[in-house]
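What's in structure-v8.txt: compact mmCIF, C-alpha atoms and all ligand atoms
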```
# COMPACT_ATOMS: atom_id res chain seq x y z
CA MET G 1 70.05 98.31 99.60
CA THR G 2 71.19 95.10 97.97
CA PHE G 3 74.27 93.37 99.30
CA ASP G 4 75.93 90.71 97.18
CA LEU G 5 78.78 89.04 99.03
CA PHE G 6 80.14 87.61 95.80
CA ALA G 7 80.46 90.85 93.91
CA ASN G 8 83.57 92.96 94.50
CA THR G 9 81.50 95.85 95.80
CA LYS G 10 82.86 98.34 98.29
CA GLU G 11 80.90 96.66 101.10
CA ALA G 12 82.06 93.19 100.16
CA ALA G 13 85.68 94.36 99.95
CA ASP G 14 85.81 94.33 103.74
CA ALA G 15 84.42 90.81 104.10
CA SER G 16 86.55 88.27 105.91
CA LEU G 17 85.27 84.73 105.41
CA PRO G 18 86.69 81.84 107.45
CA LEU G 19 87.50 78.72 105.39
CA ALA G 20 88.82 76.57 108.27
CA PRO G 21 90.46 77.29 111.65
CA GLY G 22 93.62 79.23 110.63
CA ALA G 23 92.44 79.94 107.06
CA VAL G 24 90.55 82.99 105.86
CA LEU G 25 89.42 84.57 102.59
CA LEU G 26 89.86 88.35 102.59
CA ARG G 27 87.46 89.29 99.84
CA GLY G 28 88.84 92.13 97.68
CA HIS G 29 91.73 92.85 100.05
CA ALA G 30 94.17 93.47 97.15
CA LEU G 31 91.78 95.41 94.90
CA ALA G 32 93.33 98.82 95.58
CA ASP G 33 96.81 97.46 94.72
CA ALA G 34 95.81 95.19 91.84
CA ALA G 35 96.85 97.44 88.93
CA GLN G 36 100.25 98.04 90.56
CA LEU G 37 100.73 94.31 91.18
CA VAL G 38 99.89 93.45 87.55
CA GLY G 39 102.34 96.11 86.31
CA ASP G 40 105.04 94.71 88.61
CA VAL G 41 104.41 91.17 87.29
CA GLU G 42 104.85 92.42 83.72
CA GLN G 43 108.27 93.83 84.65
CA LEU G 44 109.28 90.70 86.57
CA VAL G 45 108.49 88.33 83.71
CA ALA G 46 110.73 90.37 81.41
CA GLN G 47 113.63 89.25 83.69
CA ALA G 48 112.35 85.80 84.71
CA PRO G 49 109.85 84.53 82.11
CA PHE G 50 107.00 82.14 82.90
CA ARG G 51 107.90 78.48 82.36
CA HIS G 52 106.11 75.14 82.74
CA LEU G 53 107.68 72.93 85.42
CA VAL G 54 107.66 69.15 85.18
CA THR G 55 106.10 67.20 88.06
CA PRO G 56 108.05 64.45 89.87
CA GLY G 57 105.90 62.02 87.82
CA GLY G 58 107.16 63.55 84.57
CA PHE G 59 104.09 65.60 83.61
CA ARG G 60 104.30 69.17 82.30
CA MET G 61 102.26 71.41 84.60
CA SER G 62 99.41 73.29 82.93
CA VAL G 63 100.11 76.30 85.14
CA ALA G 64 103.14 78.40 84.13
CA ILE G 65 105.35 79.67 86.93
CA THR G 66 108.02 82.20 87.77
CA ASN G 67 109.32 83.63 91.05
CA CYS G 68 110.56 86.72 92.79
CA GLY G 69 112.22 87.23 96.15
CA GLU G 70 115.33 85.60 97.61
CA LEU G 71 114.13 82.09 96.87
CA GLY G 72 112.23 80.58 93.97
CA CYS G 73 110.51 77.25 93.39
CA VAL G 74 112.23 75.06 90.77
CA SER G 75 111.77 71.44 89.72
CA GLY G 76 114.49 69.11 90.95
CA ARG G 77 115.21 65.41 90.54
CA SER G 78 112.93 64.42 93.41
CA GLY G 79 110.20 67.04 93.22
CA TYR G 80 110.19 70.77 93.82
CA ARG G 81 112.76 72.68 95.83
CA TYR G 82 113.73 76.27 96.51
CA ASP G 83 116.78 77.83 94.88
CA ARG G 84 118.30 81.33 94.96
CA ILE G 85 119.15 81.11 91.26
CA ASP G 86 116.80 80.98 88.28
CA PRO G 87 118.08 77.93 86.36
CA GLU G 88 116.91 79.47 83.06
CA SER G 89 119.07 82.60 83.37
CA GLY G 90 121.69 81.56 85.92
CA LEU G 91 120.87 84.79 87.79
CA PRO G 92 119.20 85.45 91.17
CA TRP G 93 115.42 85.83 91.05
CA PRO G 94 114.21 89.45 90.72
CA PRO G 95 113.71 91.09 94.14
CA LEU G 96 110.28 91.23 95.74
CA PRO G 97 108.66 94.52 94.59
CA THR G 98 107.82 96.89 97.47
CA ALA G 99 104.07 96.64 96.86
CA PHE G 100 104.25 92.82 97.08
CA GLY G 101 105.94 92.70 100.49
CA ARG G 102 103.70 95.37 101.94
CA LEU G 103 100.48 93.71 100.77
CA ALA G 104 101.59 90.26 101.98
CA ALA G 105 102.45 91.58 105.46
CA LEU G 106 99.20 93.58 105.78
CA ALA G 107 97.05 90.66 104.59
CA ALA G 108 98.79 88.24 106.96
CA ALA G 109 98.25 90.66 109.86
CA ALA G 110 94.57 91.09 108.91
CA ALA G 111 94.27 87.30 109.15
CA GLY G 112 95.93 87.25 112.59
CA TYR G 113 99.53 86.46 111.53
CA GLU G 114 101.64 89.42 112.69
CA GLY G 115 105.23 89.97 111.53
CA PHE G 116 105.05 87.98 108.27
CA VAL G 117 108.11 88.80 106.13
CA PRO G 118 108.04 86.64 102.98
CA ASP G 119 111.28 85.71 101.22
CA ALA G 120 109.65 83.91 98.28
CA CYS G 121 106.80 84.74 95.95
CA LEU G 122 105.63 82.14 93.45
CA ILE G 123 103.85 83.69 90.49
CA ASN G 124 101.50 81.34 88.68
CA ARG G 125 99.77 82.02 85.38
CA TYR G 126 96.60 80.12 84.52
CA GLU G 127 95.28 80.06 80.97
CA PRO G 128 91.86 78.55 80.17
CA GLY G 129 91.95 74.86 81.11
CA ALA G 130 94.94 75.20 83.46
CA LYS G 131 94.45 73.70 86.91
CA LEU G 132 96.33 72.87 90.07
CA SER G 133 95.66 69.38 91.45
CA LEU G 134 94.99 68.90 95.14
CA HIS G 135 98.31 69.34 96.97
CA ARG G 136 99.76 70.83 100.09
CA ASP G 137 102.53 73.36 100.42
CA ALA G 138 105.04 71.56 102.62
CA GLY G 139 108.39 72.68 101.19
CA GLU G 140 108.80 75.49 103.72
CA PRO G 141 110.48 74.40 106.99
CA ASP G 142 108.80 76.94 109.31
CA GLY G 143 105.23 75.70 109.68
CA LYS G 144 104.38 78.70 111.87
CA GLN G 145 104.58 81.07 108.90
CA PRO G 146 101.39 81.37 106.83
CA ILE G 147 100.88 81.36 103.09
CA VAL G 148 99.35 84.47 101.54
CA SER G 149 97.72 83.93 98.14
CA VAL G 150 96.60 86.84 95.93
CA SER G 151 94.27 86.34 92.95
CA LEU G 152 94.43 88.62 89.90
CA GLY G 153 92.51 88.56 86.62
CA ALA G 154 90.04 85.85 85.65
CA PRO G 155 87.98 84.17 88.41
CA ALA G 156 88.78 80.62 89.52
CA THR G 157 87.33 77.97 91.80
CA PHE G 158 89.70 77.26 94.68
CA LEU G 159 89.26 74.04 96.63
CA PHE G 160 90.19 74.12 100.29
CA GLY G 161 90.40 70.77 102.02
CA GLY G 162 91.74 69.35 105.24
CA ALA G 163 94.83 67.67 106.64
CA LYS G 164 94.12 64.47 104.70
CA ARG G 165 93.82 64.21 100.92
CA THR G 166 90.49 62.46 101.33
CA ASP G 167 89.00 65.17 103.58
CA LYS G 168 86.00 67.06 102.22
CA VAL G 169 86.92 70.13 100.13
CA THR G 170 85.10 73.46 100.18
CA PRO G 171 84.87 75.16 96.76
CA VAL G 172 85.48 78.91 96.92
CA ALA G 173 85.15 81.39 94.04
CA LEU G 174 88.30 83.54 93.97
CA LEU G 175 87.88 86.86 92.19
CA HIS G 176 90.29 89.55 91.06
CA GLY G 177 91.74 91.18 94.17
CA ASP G 178 90.87 88.39 96.61
CA VAL G 179 93.42 87.23 99.17
CA VAL G 180 93.46 83.87 100.96
CA VAL G 181 95.68 83.38 104.02
CA TRP G 182 96.27 79.96 105.54
CA GLY G 183 98.48 79.16 108.51
CA GLY G 184 98.34 77.69 112.00
CA PRO G 185 96.32 74.45 112.04
CA ALA G 186 95.49 74.89 108.32
CA ARG G 187 99.08 75.49 107.11
CA ARG G 188 99.54 72.01 105.62
CA HIS G 189 95.96 71.56 104.43
CA PHE G 190 95.27 70.22 100.95
CA HIS G 191 94.08 72.70 98.33
CA GLY G 192 93.84 73.06 94.57
CA VAL G 193 92.32 75.02 91.69
CA LEU G 194 89.73 73.70 89.21
CA PRO G 195 90.40 74.10 85.46
CA LEU G 196 90.10 77.78 84.56
CA LYS G 197 87.01 78.63 82.55
CA ARG G 198 87.25 80.72 79.40
CA GLU G 199 85.85 84.00 80.72
CA ALA G 200 87.58 86.86 78.92
CA ARG G 201 86.25 89.73 81.01
CA SER G 202 88.99 90.62 83.45
CA LEU G 203 91.90 93.05 83.62
CA LEU G 204 93.98 90.09 82.31
CA GLY G 205 91.44 88.87 79.74
CA ASP G 206 90.83 85.15 80.20
CA ARG G 207 94.02 84.64 82.24
CA ARG G 208 94.52 84.43 85.96
CA ILE G 209 97.64 85.25 87.93
CA ASN G 210 98.12 83.98 91.46
CA LEU G 211 100.85 85.23 93.78
CA THR G 212 101.72 83.01 96.74
CA PHE G 213 103.94 84.51 99.40
CA ARG G 214 105.94 82.27 101.70
CA LYS G 215 108.75 82.31 104.21
CA ALA G 216 110.84 79.58 102.63
CA THR G 217 113.86 79.56 104.98
C1 LIG C 301 95.83 79.46 93.70
N1 LIG C 301 97.86 78.38 94.48
O1 LIG C 301 96.31 79.55 92.57
C2 LIG C 301 96.48 78.60 94.74
N2 LIG C 301 100.55 76.23 95.52
O2 LIG C 301 94.78 80.04 94.02
C3 LIG C 301 98.54 77.40 95.13
O3 LIG C 301 98.01 76.65 95.89
C4 LIG C 301 99.93 77.20 94.87
O4 LIG C 301 99.99 78.97 93.33
C5 LIG C 301 101.82 75.95 95.29
C6 LIG C 301 102.53 76.66 94.39
C7 LIG C 301 101.93 77.68 93.71
C8 LIG C 301 100.60 77.98 93.96
FE FE C 302 99.50 75.52 97.01
```
Could you take the file, read its structure, and then write that structure out as structure tokens?
Ligand code: MD6
Ligand code: FE
Amino acid sequence: MTFDLFANTKEAADASLPLAPGAVLLRGHALADAAQLVGDVEQLVAQAPFRHLVTPGGFRMSVAITNCGELGCVSGRSGYRYDRIDPESGLPWPPLPTAFGRLAALAAAAAGYEGFVPDACLINRYEPGAKLSLHRDAGEPDGKQPIVSVSLGAPATFLFGGAKRTDKVTPVALLHGDVVVWGGPARRHFHGVLPLKREARSLLGDRRINLTFRKAT
């Protein structure tokens, strides 16, 4: 029998690959829910469309973003912040769909973080060429709560680094249905995404959607 860890085969779907102490890739963990998640995103963006935020340095981000849950990430005068209101509509962000909350809690528990109840989900859309520079997610006050990241659609290369920007990064191929959880000693580690390649063979064509679940209060 052949066994290819990098194909989303039934065997590989159970693989749990450590990236660093506190950080794990759950290969294919969201595959069974993926179609539901994509359908939910389509409904969410009808209420809160994707938009391109501007970085504190004044650059338009290549990744388009929207949010669901009690809190959403918006650009402010001095960088990003969380807000209960979508500034584009003046309305609260759409609620977290049931399937989102359930998946985030189960994935966190599978990674060793019990009792994770996210109140924010950032939804990022990558088109070919879009990337996310090396950064760390530090806007959430409770450093004991992990981040759960779900990949949908086109594959991407995720870079997972260390506590310092200059630390060595490990490139990881993230495929449709993969989940990465980072918390504990890895919670503030640097990470990023390389420019998306033009590979039009996924459920979302050549696009990628990433959901990141956080406890932002
Ligand atoms: C990813 N996303 O797309 C990783 N960080 O695989 C992130 O690191 C991320 O999607 C901050 C805000 C949104 C994100
Ligand atoms: Fe991030």
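Our summary of the geometry notes that atom CA of Asp178 of chain G is positioned 5.7 Å from atom CA of His29 of chain G.
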Name the closest residue to Ala111 of chain G among the candidates G:Tyr82, G:Phe190, G:Phe158, G:Trp182; distances are taken between atoms, counting all atoms listed in the file.
G:Trp182
Compile a residue-level contact table for chain G against ligand LIG 301 (chain C) at a cut-off of 10 Å, reporting for every qualifying residue the shortest atom pair and its distance in Å to one decimal, with all atoms listed in the file counted, rows ordered by chain and ascending number, as a tab-separated table.
```
residue	atom	partner	partner_atom	distance
G:Val63	CA	C:LIG301	O4	8.6
G:Ala64	CA	C:LIG301	C7	9.7
G:Ile65	CA	C:LIG301	C7	7.9
G:Thr66	CA	C:LIG301	C7	9.6
G:Asn67	CA	C:LIG301	C7	9.9
G:Cys73	CA	C:LIG301	C6	8.1
G:Tyr80	CA	C:LIG301	C6	9.7
G:Cys121	CA	C:LIG301	C7	8.9
G:Leu122	CA	C:LIG301	C7	5.8
G:Ile123	CA	C:LIG301	O4	6.7
G:Asn124	CA	C:LIG301	O4	5.4
G:Arg125	CA	C:LIG301	O1	8.4
G:Tyr126	CA	C:LIG301	O1	8.1
G:Lys131	CA	C:LIG301	O1	8.3
G:Leu132	CA	C:LIG301	O1	7.1
G:Ser133	CA	C:LIG301	O3	8.8
G:Leu134	CA	C:LIG301	O3	8.4
G:His135	CA	C:LIG301	N2	7.4
G:Arg136	CA	C:LIG301	N2	7.1
G:Asp137	CA	C:LIG301	C5	5.8
G:Ala138	CA	C:LIG301	C5	9.1
G:Gly139	CA	C:LIG301	C5	9.4
G:Ile147	CA	C:LIG301	O3	9.1
G:Val148	CA	C:LIG301	C2	9.4
G:Ser149	CA	C:LIG301	O2	6.4
G:Val150	CA	C:LIG301	O2	7.3
G:Ser151	CA	C:LIG301	O2	6.4
G:Leu152	CA	C:LIG301	O2	9.5
G:Pro155	CA	C:LIG301	O2	9.7
G:Ala156	CA	C:LIG301	O2	7.5
G:Thr157	CA	C:LIG301	O2	8.0
G:Phe158	CA	C:LIG301	O2	5.8
G:Leu159	CA	C:LIG301	O2	8.6
G:Phe160	CA	C:LIG301	O3	9.3
G:Val172	CA	C:LIG301	O2	9.8
G:Ala173	CA	C:LIG301	O2	9.7
G:Leu174	CA	C:LIG301	O2	7.4
G:Leu175	CA	C:LIG301	O2	9.9
G:Asp178	CA	C:LIG301	O2	9.6
G:Val179	CA	C:LIG301	O2	8.9
G:Val180	CA	C:LIG301	O2	8.0
G:Phe190	CA	C:LIG301	O3	8.6
G:His191	CA	C:LIG301	O3	6.1
G:Gly192	CA	C:LIG301	O3	5.7
G:Val193	CA	C:LIG301	C1	6.0
G:Leu194	CA	C:LIG301	O1	9.4
G:Arg208	CA	C:LIG301	O1	8.4
G:Ile209	CA	C:LIG301	O1	7.5
G:Asn210	CA	C:LIG301	O1	4.9
G:Leu211	CA	C:LIG301	O4	6.3
G:Thr212	CA	C:LIG301	O4	5.6
G:Phe213	CA	C:LIG301	C7	9.1
G:Arg214	CA	C:LIG301	C6	9.8
```
Who sits within 12 Å of Asp142 of chain G, all atoms listed in the file, same chain under 4 positions skipped, as a PDB file with C-alpha atoms, in the frame of the given file:
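Wrote around00.pdb, looks like this:
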```
ATOM      1  CA  PHE G 116     105.050  87.980 108.270  1.00  0.00           C
ATOM      2  CA  PRO G 118     108.040  86.640 102.980  1.00  0.00           C
ATOM      3  CA  ASP G 137     102.530  73.360 100.420  1.00  0.00           C
ATOM      4  CA  ALA G 138     105.040  71.560 102.620  1.00  0.00           C
ATOM      5  CA  PRO G 146     101.390  81.370 106.830  1.00  0.00           C
ATOM      6  CA  ILE G 147     100.880  81.360 103.090  1.00  0.00           C
ATOM      7  CA  GLY G 183      98.480  79.160 108.510  1.00  0.00           C
ATOM      8  CA  GLY G 184      98.340  77.690 112.000  1.00  0.00           C
ATOM      9  CA  ARG G 187      99.080  75.490 107.110  1.00  0.00           C
ATOM     10  CA  ARG G 188      99.540  72.010 105.620  1.00  0.00           C
ATOM     11  CA  ARG G 214     105.940  82.270 101.700  1.00  0.00           C
ATOM     12  CA  LYS G 215     108.750  82.310 104.210  1.00  0.00           C
ATOM     13  CA  ALA G 216     110.840  79.580 102.630  1.00  0.00           C
ATOM     14  CA  THR G 217     113.860  79.560 104.980  1.00  0.00           C
TER      15      THR G 217
END
```
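In this structure, atom CA of Ala99 of chain G sits 8.5 Å away from atom CA of Asp40 of chain G.
For the choices G:Ala109, G:Val181, G:Ala30, G:Leu204, the atom-to-atom distance to ligand FE 302 (chain C) is smallest for G:Val181 when using all atoms listed in the file.
The spacing separating atom CA of Gly22 of chain G from atom CA of Arg102 of chain G amounts to 20.9 Å.
The closest residue to ligand FE 302 (chain C), picked from G:Lys168, G:His52, G:Lys144, G:His189 and counting all atoms listed in the file, is G:His189.
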From the list G:Arg207, G:Ser78, G:Thr170, G:Phe100, which residue is nearest Ala34 of chain G when using all atoms listed in the file?
G:Phe100
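Comparing the minimum interatomic distances between Ser16 of chain G and each of G:Gly205, G:Gly57, G:Gly112, G:Pro141, counting all atoms listed in the file, we find that G:Gly112 sits nearest.
In terms of minimum interatomic distance to ligand FE 302 (chain C), G:Glu140 ranks closest within G:Glu70, G:Glu140, G:Gln36, G:Asp206, counting only C-alpha atoms and all ligand atoms.
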So that I can check the surroundings of Thr98 of chain G, please list as a compact mmCIF listing (two decimals) with C-alpha atoms, keeping the file's coordinate frame every protein, DNA and RNA residue that reaches within 12 Å of it, counting all atoms listed in the file and ignoring chain neighbours fewer than 2 positions away.
```
# COMPACT_ATOMS: atom_id res chain seq x y z
CA ASP G 33 96.81 97.46 94.72
CA GLN G 36 100.25 98.04 90.56
CA LEU G 37 100.73 94.31 91.18
CA ASP G 40 105.04 94.71 88.61
CA CYS G 68 110.56 86.72 92.79
CA GLY G 69 112.22 87.23 96.15
CA PRO G 94 114.21 89.45 90.72
CA PRO G 95 113.71 91.09 94.14
CA LEU G 96 110.28 91.23 95.74
CA PHE G 100 104.25 92.82 97.08
CA GLY G 101 105.94 92.70 100.49
CA ARG G 102 103.70 95.37 101.94
CA LEU G 103 100.48 93.71 100.77
CA ALA G 104 101.59 90.26 101.98
CA ALA G 105 102.45 91.58 105.46
CA VAL G 117 108.11 88.80 106.13
CA PRO G 118 108.04 86.64 102.98
```
